[in-house]
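Engineer: Following this message is one structure expressed as structure tokens.
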2 protein chains.
Amino acid sequence: MTSLFTAPTEGRTPDPSLAHRRADATVTLRGPDGTLLADRAVVVRQTRHAFLFGCIGFDLVDLANGASQDPEYDGRLSDAWFDVFNQTTLPFYWGTFEPERGAPQTERLLAAARWFAERGTVVKGHPLVWHTVQPGWLRGLPDAEVERLQRERIRRDVAAFRGVIDTWDAINEVVIMPVFTAEENAVTPLARRKGRVEMIRMAFEEARAENPGATLLLNDFDMSTAYECLVEAVLEAGIPIDRLGLQSHMHQGYWGEEKTLAVLDRFSRYNIPIHFTETTLMSGDVMPAHIEDLNDWQVESWPSTPEGEERQADEVERHYRTLVSHPSVEAMTYWGLSDRGMWLGAPGGLLRADGSRKPAFDRLQELVKGEWWLPPTTLRTDAAGRVRFAGFLGDYRIDTADGAAAEVNLPAAGATSLTATLTPA
Amino acid sequence: MTSLFTAPTEGRTPDPSLAHRRADATVTLRGPDGTLLADRAVVVRQTRHAFLFGCIGFDLVDLANGASQDPEYDGRLSDAWFDVFNQTTLPFYWGTFEPERGAPQTERLLAAARWFAERGTVVKGHPLVWHTVQPGWLRGLPDAEVERLQRERIRRDVAAFRGVIDTWDAINEVVIMPVFTAEENAVTPLARRKGRVEMIRMAFEEARAENPGATLLLNDFDMSTAYECLVEAVLEAGIPIDRLGLQSHMHQGYWGEEKTLAVLDRFSRYNIPIHFTETTLMSGDVMPAHIEDLNDWQVESWPSTPEGEERQADEVERHYRTLVSHPSVEAMTYWGLSDRGMWLGAPGGLLRADGSRKPAFDRLQELVKGEWWLPPTTLRTDAAGRVRFAGFLGDYRIDTADGAAAEVNLPAAGATSLTATLTPA
């Protein structure tokens with residue numbers, strides 16, 4: 001057991017120019033026969049962002065299973081979803097995934113995960129260990145039995161989804177886990193007995209055992225020094241955290257750039273790439289600041305309003321710009337595409353309850369697939385078969401007029417030289 | 001490096017009857033010649049509490065050095081001090097202890113520490129590592145040099161005071177240390193670079209190296225889950241913490257029993273004895289709740305008031321009763337005997353600025369040396385030379401009419417049988 005703590009390194013300064021997200025590519029193109037493709041028109045287009053622009057996929061599980069209750073509405077959601085996003089989070093809350101002991105919803109979730117994966121989406125499962133949304137049959141069992149079942153659950157599900165889901169929120173909200181009092185559950189007593197670090201070790205070790213190549217996250221909503229101390233504890237214990245998950249449900253109002261950057265400064269110093277895992281911004285009233293547990297805010301109606309929608313659009317743009325400007329951020333998941341069925345009835349979606357697009361959706365699309373995206377662009381190779389273009393890190397496709405094509409990837413910021421051989425039509 | 005985390009054990013339930021603090025002693029007395037002391041009158045009296053009732057000794061350092069500026073006032077303080085307390089905390093803030101590099105106040109503090117120790121007091125030094133009250137000459141030095149000087153400082157002072165001061169707040173307020181922004185200092189950058197756990201390891205290892213038998217504390221004011229996570233980190237890293245220090249400056253109002261017991265429940269689960277290291281309760285207005293850093297509250301005058309003094313007396317009694325009722329608490333230090341020179345000008349003393357005793361002082365004395373104390377009590381040995389008495393854990397003296405005496409110690413709660421041989425006058 002060797003400490004994995006490392007001193008903060010350079011390269012964590014936010015840069016609004018986003019130079020750290022862009023490459024200046026020089027691509028030398030060869031035809032299918034290997035000769036240089038000199039002086040030819042080609043069309044270059046981006047096909048994928050390296051940055052993970054995520055959104056939960058909860059609302060599309062039925063559609064993906066061919067079981068939509070409202071195909072027109074779900075179709076609208078699906079269209080909007082794939083217009084912007086390239087990563088999704090699917091629900092693996094134990095209590096809803098396996099409400100009846102021994103009858104997990106594996107097939108249903110596997111169908112949904114494959115549906116997303118086939119459409120080029122990175123799929124994440126959320127979460128493997130958490131103290132809420134638990135199955136009723138777990139309560140009252142002795143700690144040792146709960147631990148055994150929890151370990152089995154992790155192994156079973158990570159194994160079943162390997163190759164389709166290779167990213168997991170291994171454990172969720174550990175800061176509060178052993179002192180959580182809002183609801184009786186079987187995991188809190190186990191966490192008190194084992195301690196936070198050993199709970200995390202359990203989650204990471206079991207998941208890693210079944211999928212050594214998986215990307216495993218520690219995820220929390222607690223942005224205080226408590227989470228810093230927990231991260232240091234885990235590093236000190238020699239448990240490798242692949243990604244650090246930060247939640248940012250902003251039901252009580254937008255954090256603003258200053259707080260967001262301060263959070264990033266504090267949490268980026270562990271040299272672990274950061275995923276913003278759960279972000280919501282309201283397009284209606286915000287929840288009063290005195291509410292400590294967001295679940296305590298129960299209102300009959302929480303409408304999206306025109307002013308709220310304009311404010312949300314501005315805040316979404318500002319928040320994405322801030323996160324993308326920080327070199328340590330690798331992913332950002334918006335928590336909820338549409339207001340229909342949203343947690344707490346909050347107007348936090350990017351679409352309204354009827355599936356129509358709010359200004360925030362359009363604004364986000366304009367960033368992700370507009371300002372930060374290279375649309376199909378006609379260029380001409382030089383005498384040496386080279387085209388030059390600048391773009392965000394990610395995948396690009398180059399087509400010739402006669403239907404030959406090549407794929408290239410821009411993996412790192414700055415000037416980069418690549419060679420690509422076209423595949424005939 | 002093996003984790004020192006252990007699951008919470010039983011025996012942490014508060015008991016207002018204080019049975020865990022009391023013993024029922026049966027002492028068999030023998031005369032100086034070894035014969036049983038049958039059917040004889042003896043006087044039993046308590047001479048020391050096992051529980052550490054502490055108070056800072058800052059205001060008595062001058063007197064102890066024979067350098068009092070106000071002997072009458074200091075005499076009053078001293079009398080009051082020894083009427084109640086058996087542990088003291090002396091100031092080792094680096095900035096005031098060694099304001100000029102290479103010229104530490106060792107002699108002055110050693111004289112004070114010896115003065116207290118000769119009067120039967122356990123002396124604690126506070127603190128060896130902290131990010132505030134630093135010497136000006138430390139600022140701007142490179143991290144590696146700061147670390148070297150910090151390590152040397154710990155070794156030098158722990159060695160110089162060994163045998164007189166064997167209890168140290170090894171490191172203070174680590175939760176905030178790496179993200180402390182109120183004042184530029186040399187320790188915060190070091191803590192950011194090394195991480196909290198390695199800062200703690202540094203403090204404990206260096207202190208332990210010079211005084212292996214020392215009682216070393218981790219001390220913090222942060223009672224949130226952050227401190228829990230930090231303690232778990234330190235245990236996970238295999239660093240033995242002898243005692244867990246919890247501050248409770250209540251400038252913003254008395255915590256109340258519920259909060260105090262909740263804090264004790266959370267922090268007692270690490271099976272490390274708890275010291276309440278820094279407690280103050282106001283005998284005047286309390287500071288508004290919105291002040292986050294107590295240092296930000298600067299008022300021209302903050303008087304002690306008659307109503308405030310009555311409230312303080314009640315709160316002092318309630319707070320001491322609560323702490324003594326919890327089996328995990330081993331010490332409680334009041335932070336400031338008199339209002340004169342008190343931090344922030346707060347009326348938090350047990351004496352007024354003129355040295356007169358507030359109701360809180362009398363109330364505390366009535367507990368510590370009244371309700372919880374065995375005054376000189378005449379008993380008669382039985383035919384087998386036995387006397388029976390009940391009392392708080394600690395030291396007792398038994399005197400005969402002809403001047404022979406014995407000392408006994410009640411070390412553990414419940415029924416206990418002891419034998420003592422009298423020493424002639």
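Ordering of the structure tokens sets the chain letters (A, B, ...), residue numbers begin anew at 1 in every chain, and ligands are numbered from 1 in the order given.
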Could you please select, counting only C-alpha atoms, the residues of chain A within 10 Å of chain B and state them as a short mmCIF file (atom, residue, chain, number, x, y, z; two decimals) with all heavy atoms, in the first residue's frame?
Structural biologist:
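File produced: out-v3.cif:
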data_model
loop_
_atom_site.label_atom_id
_atom_site.label_comp_id
_atom_site.auth_asym_id
_atom_site.auth_seq_id
_atom_site.Cartn_x
_atom_site.Cartn_y
_atom_site.Cartn_z
N MET A 1 0.86 -1.20 0.00
CA MET A 1 0.00 0.00 0.00
C MET A 1 0.89 1.24 0.00
O MET A 1 1.47 1.60 1.02
CB MET A 1 -0.88 -0.03 1.26
CG MET A 1 -1.91 1.05 1.32
SD MET A 1 -3.16 0.66 2.58
CE MET A 1 -2.34 1.19 4.10
N THR A 2 1.01 1.86 -1.13
CA THR A 2 1.86 3.04 -1.25
C THR A 2 0.98 4.24 -1.58
O THR A 2 0.08 4.14 -2.39
CB THR A 2 2.88 2.82 -2.38
OG1 THR A 2 3.60 1.63 -2.09
CG2 THR A 2 3.85 3.99 -2.47
N SER A 3 1.27 5.34 -0.94
CA SER A 3 0.47 6.54 -1.18
C SER A 3 0.52 6.94 -2.65
O SER A 3 1.57 6.92 -3.27
CB SER A 3 0.98 7.68 -0.31
OG SER A 3 0.30 8.87 -0.67
N PHE A 5 -0.68 9.94 -3.45
CA PHE A 5 -0.76 11.41 -3.44
C PHE A 5 0.43 11.99 -4.19
O PHE A 5 1.56 11.57 -4.01
CB PHE A 5 -0.76 11.94 -2.00
CG PHE A 5 -0.89 13.43 -1.93
CD1 PHE A 5 -2.15 14.03 -1.86
CD2 PHE A 5 0.23 14.26 -1.99
CE1 PHE A 5 -2.28 15.41 -1.82
CE2 PHE A 5 0.11 15.64 -1.96
CZ PHE A 5 -1.15 16.22 -1.87
N THR A 6 0.16 12.95 -5.05
CA THR A 6 1.24 13.63 -5.76
C THR A 6 1.04 15.14 -5.61
O THR A 6 -0.08 15.61 -5.48
CB THR A 6 1.22 13.28 -7.26
OG1 THR A 6 -0.10 13.50 -7.76
CG2 THR A 6 1.61 11.84 -7.50
N ALA A 7 2.13 15.86 -5.62
CA ALA A 7 2.04 17.31 -5.49
C ALA A 7 1.34 17.90 -6.72
O ALA A 7 1.42 17.35 -7.82
CB ALA A 7 3.44 17.90 -5.35
N PRO A 8 0.63 19.00 -6.51
CA PRO A 8 -0.04 19.63 -7.66
C PRO A 8 0.98 19.98 -8.74
O PRO A 8 2.09 20.41 -8.44
CB PRO A 8 -0.64 20.90 -7.06
CG PRO A 8 -0.68 20.68 -5.59
CD PRO A 8 0.44 19.74 -5.27
N THR A 9 0.57 19.79 -9.99
CA THR A 9 1.47 20.12 -11.09
C THR A 9 0.99 21.37 -11.81
O THR A 9 -0.10 21.86 -11.56
CB THR A 9 1.52 18.95 -12.09
OG1 THR A 9 0.18 18.64 -12.46
CG2 THR A 9 2.17 17.73 -11.48
N VAL A 174 -19.74 9.44 -0.65
CA VAL A 174 -19.15 8.75 0.52
C VAL A 174 -18.94 9.71 1.69
O VAL A 174 -18.94 9.28 2.84
CB VAL A 174 -17.81 8.09 0.13
CG1 VAL A 174 -17.22 7.34 1.31
CG2 VAL A 174 -18.03 7.14 -1.04
N VAL A 175 -18.78 11.00 1.42
CA VAL A 175 -18.55 11.94 2.52
C VAL A 175 -19.67 11.80 3.55
O VAL A 175 -19.44 11.67 4.75
CB VAL A 175 -18.45 13.40 2.03
CG1 VAL A 175 -18.50 14.36 3.21
CG2 VAL A 175 -17.14 13.61 1.26
N ILE A 176 -20.91 11.80 3.08
CA ILE A 176 -22.04 11.75 4.02
C ILE A 176 -22.44 10.32 4.38
O ILE A 176 -23.17 10.11 5.36
CB ILE A 176 -23.26 12.51 3.42
CG1 ILE A 176 -24.19 13.02 4.54
CG2 ILE A 176 -24.03 11.66 2.44
CD1 ILE A 176 -25.36 13.84 4.04
N PRO A 178 -21.47 7.54 5.99
CA PRO A 178 -21.58 6.92 7.32
C PRO A 178 -22.39 7.75 8.32
O PRO A 178 -22.71 7.25 9.39
CB PRO A 178 -20.12 6.81 7.78
CG PRO A 178 -19.37 7.78 6.95
CD PRO A 178 -20.13 8.02 5.69
N VAL A 179 -22.71 8.99 8.00
CA VAL A 179 -23.46 9.82 8.94
C VAL A 179 -24.79 10.27 8.33
O VAL A 179 -25.42 11.21 8.81
CB VAL A 179 -22.63 11.05 9.40
CG1 VAL A 179 -21.43 10.58 10.22
CG2 VAL A 179 -22.15 11.90 8.22
N LEU A 190 -22.87 -0.10 7.48
CA LEU A 190 -21.66 -0.76 6.99
C LEU A 190 -20.53 0.25 6.84
O LEU A 190 -19.38 -0.02 7.19
CB LEU A 190 -21.97 -1.43 5.63
CG LEU A 190 -20.84 -2.23 5.01
CD1 LEU A 190 -20.44 -3.40 5.89
CD2 LEU A 190 -21.25 -2.73 3.61
N ALA A 191 -20.87 1.44 6.35
CA ALA A 191 -19.85 2.48 6.17
C ALA A 191 -19.31 2.97 7.51
O ALA A 191 -18.14 3.31 7.64
CB ALA A 191 -20.43 3.65 5.37
N ARG A 192 -20.17 3.01 8.52
CA ARG A 192 -19.69 3.40 9.85
C ARG A 192 -18.71 2.37 10.38
O ARG A 192 -17.69 2.72 10.97
CB ARG A 192 -20.86 3.50 10.83
CG ARG A 192 -21.48 4.86 10.90
CD ARG A 192 -22.64 4.86 11.89
NE ARG A 192 -22.26 5.22 13.24
CZ ARG A 192 -22.26 6.46 13.72
NH1 ARG A 192 -22.57 7.46 12.94
NH2 ARG A 192 -21.93 6.70 14.97
N ARG A 193 -19.02 1.12 10.13
CA ARG A 193 -18.17 0.04 10.66
C ARG A 193 -16.86 -0.07 9.90
O ARG A 193 -15.79 -0.22 10.50
CB ARG A 193 -18.94 -1.29 10.58
CG ARG A 193 -18.15 -2.52 10.99
CD ARG A 193 -19.05 -3.74 11.02
NE ARG A 193 -20.13 -3.56 11.96
CZ ARG A 193 -20.05 -3.86 13.26
NH1 ARG A 193 -18.93 -4.36 13.77
NH2 ARG A 193 -21.08 -3.65 14.06
N LYS A 194 -16.93 -0.01 8.58
CA LYS A 194 -15.72 -0.19 7.76
C LYS A 194 -14.91 1.09 7.61
O LYS A 194 -13.72 1.04 7.36
CB LYS A 194 -16.10 -0.66 6.34
CG LYS A 194 -16.60 -2.08 6.25
CD LYS A 194 -16.99 -2.43 4.81
CE LYS A 194 -15.82 -2.57 3.86
NZ LYS A 194 -15.00 -3.75 4.12
N GLY A 195 -15.58 2.22 7.72
CA GLY A 195 -14.91 3.48 7.43
C GLY A 195 -15.05 3.81 5.96
O GLY A 195 -15.26 2.94 5.11
N ARG A 196 -14.94 5.09 5.66
CA ARG A 196 -15.16 5.54 4.28
C ARG A 196 -14.16 4.93 3.30
O ARG A 196 -14.50 4.52 2.19
CB ARG A 196 -15.05 7.06 4.21
CG ARG A 196 -16.16 7.80 4.94
CD ARG A 196 -15.90 9.29 4.95
NE ARG A 196 -17.02 10.06 5.46
CZ ARG A 196 -17.19 10.41 6.73
NH1 ARG A 196 -16.28 10.07 7.64
NH2 ARG A 196 -18.23 11.12 7.11
N VAL A 197 -12.91 4.89 3.72
CA VAL A 197 -11.85 4.46 2.78
C VAL A 197 -12.05 3.01 2.38
O VAL A 197 -11.90 2.66 1.19
CB VAL A 197 -10.47 4.69 3.42
CG1 VAL A 197 -9.38 4.11 2.54
CG2 VAL A 197 -10.24 6.18 3.65
N GLU A 198 -12.41 2.16 3.33
CA GLU A 198 -12.58 0.74 2.99
C GLU A 198 -13.84 0.51 2.17
O GLU A 198 -13.91 -0.45 1.39
CB GLU A 198 -12.55 -0.12 4.25
CG GLU A 198 -11.18 -0.11 4.94
CD GLU A 198 -10.03 -0.43 3.99
OE1 GLU A 198 -10.11 -1.41 3.24
OE2 GLU A 198 -9.05 0.34 3.99
N ASP A 222 -20.47 16.88 -2.29
CA ASP A 222 -19.89 17.71 -1.24
C ASP A 222 -18.62 18.38 -1.78
O ASP A 222 -17.61 17.73 -1.99
CB ASP A 222 -19.56 16.84 -0.02
CG ASP A 222 -19.19 17.68 1.19
OD1 ASP A 222 -18.54 18.73 1.01
OD2 ASP A 222 -19.56 17.31 2.31
N SER A 224 -16.96 20.72 -0.26
CA SER A 224 -16.22 21.34 0.84
C SER A 224 -14.86 20.67 1.00
O SER A 224 -14.51 19.75 0.27
CB SER A 224 -17.01 21.22 2.14
OG SER A 224 -16.87 19.91 2.67
N THR A 225 -14.11 21.11 2.00
CA THR A 225 -12.83 20.48 2.31
C THR A 225 -13.02 19.02 2.69
O THR A 225 -12.06 18.25 2.64
CB THR A 225 -12.13 21.21 3.45
OG1 THR A 225 -13.07 21.45 4.51
CG2 THR A 225 -11.55 22.54 3.00
N ALA A 226 -14.25 18.62 3.05
CA ALA A 226 -14.47 17.21 3.40
C ALA A 226 -14.11 16.29 2.24
O ALA A 226 -13.46 15.27 2.42
CB ALA A 226 -15.92 17.00 3.83
N TYR A 227 -14.53 16.69 1.05
CA TYR A 227 -14.24 15.84 -0.12
C TYR A 227 -12.75 15.85 -0.43
O TYR A 227 -12.17 14.83 -0.81
CB TYR A 227 -15.08 16.30 -1.31
CG TYR A 227 -15.18 15.32 -2.47
CD1 TYR A 227 -15.11 13.95 -2.28
CD2 TYR A 227 -15.39 15.78 -3.77
CE1 TYR A 227 -15.21 13.07 -3.34
CE2 TYR A 227 -15.50 14.90 -4.85
CZ TYR A 227 -15.40 13.54 -4.62
OH TYR A 227 -15.51 12.66 -5.69
N GLU A 228 -12.11 17.00 -0.24
CA GLU A 228 -10.65 17.03 -0.39
C GLU A 228 -9.99 16.03 0.57
O GLU A 228 -9.11 15.26 0.17
CB GLU A 228 -10.09 18.41 -0.05
CG GLU A 228 -10.48 19.52 -0.99
CD GLU A 228 -9.84 20.83 -0.54
OE1 GLU A 228 -8.74 20.82 0.01
OE2 GLU A 228 -10.48 21.89 -0.74
N CYS A 229 -10.41 16.08 1.83
CA CYS A 229 -9.81 15.18 2.82
C CYS A 229 -10.07 13.72 2.44
O CYS A 229 -9.19 12.86 2.60
CB CYS A 229 -10.36 15.48 4.22
SG CYS A 229 -9.80 17.06 4.90
N LEU A 230 -11.25 13.45 1.92
CA LEU A 230 -11.57 12.08 1.52
C LEU A 230 -10.69 11.64 0.36
O LEU A 230 -10.17 10.52 0.34
CB LEU A 230 -13.05 11.96 1.15
CG LEU A 230 -13.51 10.55 0.80
CD1 LEU A 230 -13.39 9.62 2.00
CD2 LEU A 230 -14.94 10.55 0.28
N VAL A 231 -10.52 12.52 -0.62
CA VAL A 231 -9.66 12.17 -1.76
C VAL A 231 -8.24 11.90 -1.27
O VAL A 231 -7.60 10.93 -1.67
CB VAL A 231 -9.68 13.30 -2.81
CG1 VAL A 231 -8.62 13.06 -3.87
CG2 VAL A 231 -11.06 13.42 -3.44
N GLU A 232 -7.76 12.74 -0.34
CA GLU A 232 -6.40 12.52 0.17
C GLU A 232 -6.32 11.20 0.94
O GLU A 232 -5.32 10.48 0.87
CB GLU A 232 -5.98 13.71 1.04
CG GLU A 232 -5.85 14.98 0.19
CD GLU A 232 -5.32 16.21 0.94
OE1 GLU A 232 -4.57 16.06 1.91
OE2 GLU A 232 -5.68 17.33 0.51
N ALA A 233 -7.40 10.85 1.63
CA ALA A 233 -7.43 9.58 2.36
C ALA A 233 -7.31 8.41 1.38
O ALA A 233 -6.57 7.45 1.62
CB ALA A 233 -8.72 9.47 3.17
N VAL A 234 -8.05 8.51 0.29
CA VAL A 234 -8.09 7.42 -0.68
C VAL A 234 -6.74 7.29 -1.39
O VAL A 234 -6.23 6.18 -1.60
CB VAL A 234 -9.24 7.68 -1.68
CG1 VAL A 234 -9.13 6.75 -2.87
CG2 VAL A 234 -10.58 7.52 -0.98
N LEU A 235 -6.14 8.42 -1.72
CA LEU A 235 -4.83 8.39 -2.36
C LEU A 235 -3.79 7.83 -1.38
O LEU A 235 -2.95 7.01 -1.74
CB LEU A 235 -4.44 9.79 -2.81
CG LEU A 235 -5.29 10.35 -3.96
CD1 LEU A 235 -4.92 11.80 -4.23
CD2 LEU A 235 -5.12 9.51 -5.22
N GLU A 236 -3.89 8.27 -0.14
CA GLU A 236 -2.96 7.79 0.89
C GLU A 236 -3.09 6.28 1.06
O GLU A 236 -2.10 5.59 1.32
CB GLU A 236 -3.28 8.51 2.20
CG GLU A 236 -2.25 8.39 3.27
CD GLU A 236 -0.94 9.03 2.88
OE1 GLU A 236 -0.93 10.14 2.30
OE2 GLU A 236 0.11 8.41 3.15
N ALA A 237 -4.30 5.77 0.88
CA ALA A 237 -4.55 4.33 1.03
C ALA A 237 -4.16 3.55 -0.21
O ALA A 237 -4.30 2.33 -0.25
CB ALA A 237 -6.03 4.10 1.34
N GLY A 238 -3.67 4.25 -1.23
CA GLY A 238 -3.19 3.56 -2.42
C GLY A 238 -4.29 3.05 -3.34
O GLY A 238 -4.06 2.11 -4.10
N ARG A 266 -9.25 23.79 -6.40
CA ARG A 266 -9.01 22.90 -5.26
C ARG A 266 -8.97 21.43 -5.67
O ARG A 266 -8.11 20.68 -5.22
CB ARG A 266 -10.09 23.13 -4.19
CG ARG A 266 -9.99 24.50 -3.53
CD ARG A 266 -10.79 24.57 -2.24
NE ARG A 266 -12.21 24.56 -2.47
CZ ARG A 266 -13.04 23.58 -2.10
NH1 ARG A 266 -12.59 22.52 -1.45
NH2 ARG A 266 -14.32 23.65 -2.35
N ARG A 269 -5.96 19.78 -7.99
CA ARG A 269 -4.58 19.64 -7.52
C ARG A 269 -4.17 18.20 -7.25
O ARG A 269 -3.02 17.93 -6.93
CB ARG A 269 -4.32 20.54 -6.32
CG ARG A 269 -5.03 20.22 -5.06
CD ARG A 269 -4.74 21.36 -4.07
NE ARG A 269 -4.87 20.98 -2.69
CZ ARG A 269 -5.98 21.09 -1.97
NH1 ARG A 269 -7.07 21.57 -2.53
NH2 ARG A 269 -6.01 20.74 -0.70
N TYR A 270 -5.12 17.27 -7.35
CA TYR A 270 -4.76 15.86 -7.13
C TYR A 270 -4.31 15.16 -8.41
O TYR A 270 -4.03 13.97 -8.40
CB TYR A 270 -5.95 15.13 -6.49
CG TYR A 270 -6.34 15.79 -5.18
CD1 TYR A 270 -7.53 16.49 -5.04
CD2 TYR A 270 -5.45 15.77 -4.12
CE1 TYR A 270 -7.83 17.13 -3.85
CE2 TYR A 270 -5.75 16.41 -2.93
CZ TYR A 270 -6.94 17.09 -2.80
OH TYR A 270 -7.23 17.73 -1.63
#
Engineer: Show which residues sit within 7 Å of Glu310 in chain B, as a short mmCIF file (atom, residue, chain, number, x, y, z; two decimals) with N, CA, C and O atoms, in the first residue's frame. Count only C-alpha atoms, and ignore same-chain residues fewer than 4 positions away.
Structural biologist:
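What ended up in selection-v6.cif:
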data_model
loop_
_atom_site.label_atom_id
_atom_site.label_comp_id
_atom_site.auth_asym_id
_atom_site.auth_seq_id
_atom_site.Cartn_x
_atom_site.Cartn_y
_atom_site.Cartn_z
N PRO B 306 -24.36 41.35 33.40
CA PRO B 306 -24.94 40.50 34.45
C PRO B 306 -25.77 39.35 33.88
O PRO B 306 -25.61 38.20 34.29
N ASP B 314 -24.70 28.97 33.48
CA ASP B 314 -25.54 27.82 33.13
C ASP B 314 -24.91 26.99 32.01
O ASP B 314 -24.90 25.77 32.06
N PRO B 359 -19.86 34.20 37.92
CA PRO B 359 -20.65 33.03 38.36
C PRO B 359 -20.19 31.73 37.70
O PRO B 359 -20.23 30.67 38.34
#
Engineer: I'd like the contact shell of range 396-400 of chain A - 6 Å cut-off, only C-alpha atoms, skipping same-chain residues fewer than 6 positions apart - returned as number ranges by chain.
Structural biologist: A: 42-47, 406-408
Engineer: Limited to N, CA, C and O atoms, could you put the picked residues into a file as a PDB file, in the first residue's frame?
Structural biologist:
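File written: selection-v9.pdb
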ATOM      1  N   VAL A  42     -11.114  18.185 -50.954  1.00  0.00           N
ATOM      2  CA  VAL A  42     -11.626  17.208 -49.980  1.00  0.00           C
ATOM      3  C   VAL A  42     -12.559  17.947 -49.024  1.00  0.00           C
ATOM      4  O   VAL A  42     -12.479  19.162 -48.871  1.00  0.00           O
ATOM      5  N   VAL A  43     -13.440  17.168 -48.404  1.00  0.00           N
ATOM      6  CA  VAL A  43     -14.335  17.743 -47.389  1.00  0.00           C
ATOM      7  C   VAL A  43     -13.941  17.182 -46.029  1.00  0.00           C
ATOM      8  O   VAL A  43     -13.920  15.964 -45.830  1.00  0.00           O
ATOM      9  N   VAL A  44     -13.578  18.088 -45.127  1.00  0.00           N
ATOM     10  CA  VAL A  44     -13.188  17.681 -43.774  1.00  0.00           C
ATOM     11  C   VAL A  44     -14.341  18.000 -42.836  1.00  0.00           C
ATOM     12  O   VAL A  44     -14.921  19.096 -42.908  1.00  0.00           O
ATOM     13  N   ARG A  45     -14.691  17.087 -41.986  1.00  0.00           N
ATOM     14  CA  ARG A  45     -15.755  17.353 -41.004  1.00  0.00           C
ATOM     15  C   ARG A  45     -15.429  16.654 -39.694  1.00  0.00           C
ATOM     16  O   ARG A  45     -14.849  15.574 -39.678  1.00  0.00           O
ATOM     17  N   GLN A  46     -15.828  17.279 -38.594  1.00  0.00           N
ATOM     18  CA  GLN A  46     -15.644  16.641 -37.288  1.00  0.00           C
ATOM     19  C   GLN A  46     -16.757  15.625 -37.077  1.00  0.00           C
ATOM     20  O   GLN A  46     -17.919  15.848 -37.457  1.00  0.00           O
ATOM     21  N   THR A  47     -16.411  14.491 -36.492  1.00  0.00           N
ATOM     22  CA  THR A  47     -17.433  13.465 -36.231  1.00  0.00           C
ATOM     23  C   THR A  47     -17.615  13.180 -34.743  1.00  0.00           C
ATOM     24  O   THR A  47     -18.620  12.573 -34.347  1.00  0.00           O
ATOM     25  N   ALA A 406     -11.290   8.957 -45.259  1.00  0.00           N
ATOM     26  CA  ALA A 406     -10.337   8.566 -44.213  1.00  0.00           C
ATOM     27  C   ALA A 406     -10.815   9.162 -42.890  1.00  0.00           C
ATOM     28  O   ALA A 406     -11.490  10.187 -42.874  1.00  0.00           O
ATOM     29  N   GLU A 407     -10.448   8.486 -41.808  1.00  0.00           N
ATOM     30  CA  GLU A 407     -10.754   9.006 -40.471  1.00  0.00           C
ATOM     31  C   GLU A 407      -9.431   9.389 -39.823  1.00  0.00           C
ATOM     32  O   GLU A 407      -8.454   8.646 -39.912  1.00  0.00           O
ATOM     33  N   VAL A 408      -9.427  10.536 -39.161  1.00  0.00           N
ATOM     34  CA  VAL A 408      -8.232  10.894 -38.375  1.00  0.00           C
ATOM     35  C   VAL A 408      -8.681  11.366 -37.000  1.00  0.00           C
ATOM     36  O   VAL A 408      -9.807  11.813 -36.814  1.00  0.00           O
TER      37      VAL A 408
END
Engineer: Write out as an MDAnalysis selection string all residues of range 51-299 of chain A that backbone DSSP assigns to strand (DSSP E or B).
Structural biologist: chainID A and resid 52:56 87:91 122:126 167:172 215:220 243:250 274:281
Engineer: Find, counting only C-alpha atoms, the residue in A:Leu418, A:Val146, A:Ala111, A:Ala346 that gets nearest to Glu300 in chain A.
Structural biologist: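 Residue with the minimum atom-to-atom distance to Glu300 in chain A: A:Ala346.
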Engineer: Using DSSP assignments from the backbone, pull out every residue in range 311-378 of chain B that falls under alpha helix (DSSP H) and give it to me as a compact mmCIF listing (two decimals) with C-alpha atoms, in the first residue's frame.
Structural biologist:
# COMPACT_ATOMS: atom_id res chain seq x y z
CA ARG B 311 -26.25 32.54 31.08
CA GLN B 312 -22.54 31.70 30.83
CA ALA B 313 -22.64 30.01 34.23
CA ASP B 314 -25.54 27.82 33.13
CA GLU B 315 -23.87 27.00 29.86
CA VAL B 316 -20.52 26.20 31.45
CA GLU B 317 -22.24 23.81 33.82
CA ARG B 318 -24.25 22.18 31.03
CA HIS B 319 -21.23 21.85 28.77
CA TYR B 320 -19.00 20.30 31.43
CA ARG B 321 -21.77 17.92 32.50
CA THR B 322 -22.24 16.84 28.89
CA LEU B 323 -18.55 16.25 28.25
CA VAL B 324 -17.92 14.44 31.52
CA SER B 325 -20.96 12.24 30.82
CA PRO B 359 -20.65 33.03 38.36
CA ALA B 360 -19.32 30.59 35.75
CA PHE B 361 -16.09 30.22 37.70
CA ASP B 362 -17.92 29.48 40.92
CA ARG B 363 -20.22 27.04 39.17
CA LEU B 364 -17.28 25.19 37.63
CA GLN B 365 -15.41 25.10 40.91
CA GLU B 366 -18.51 23.72 42.64
Engineer: Got a sec: who's within 7 Å of Thr167 in chain A, counting only C-alpha atoms, leaving out chain neighbours fewer than 3 positions off, as a ChimeraX atom specification?
Structural biologist: /A:123-125,214-216
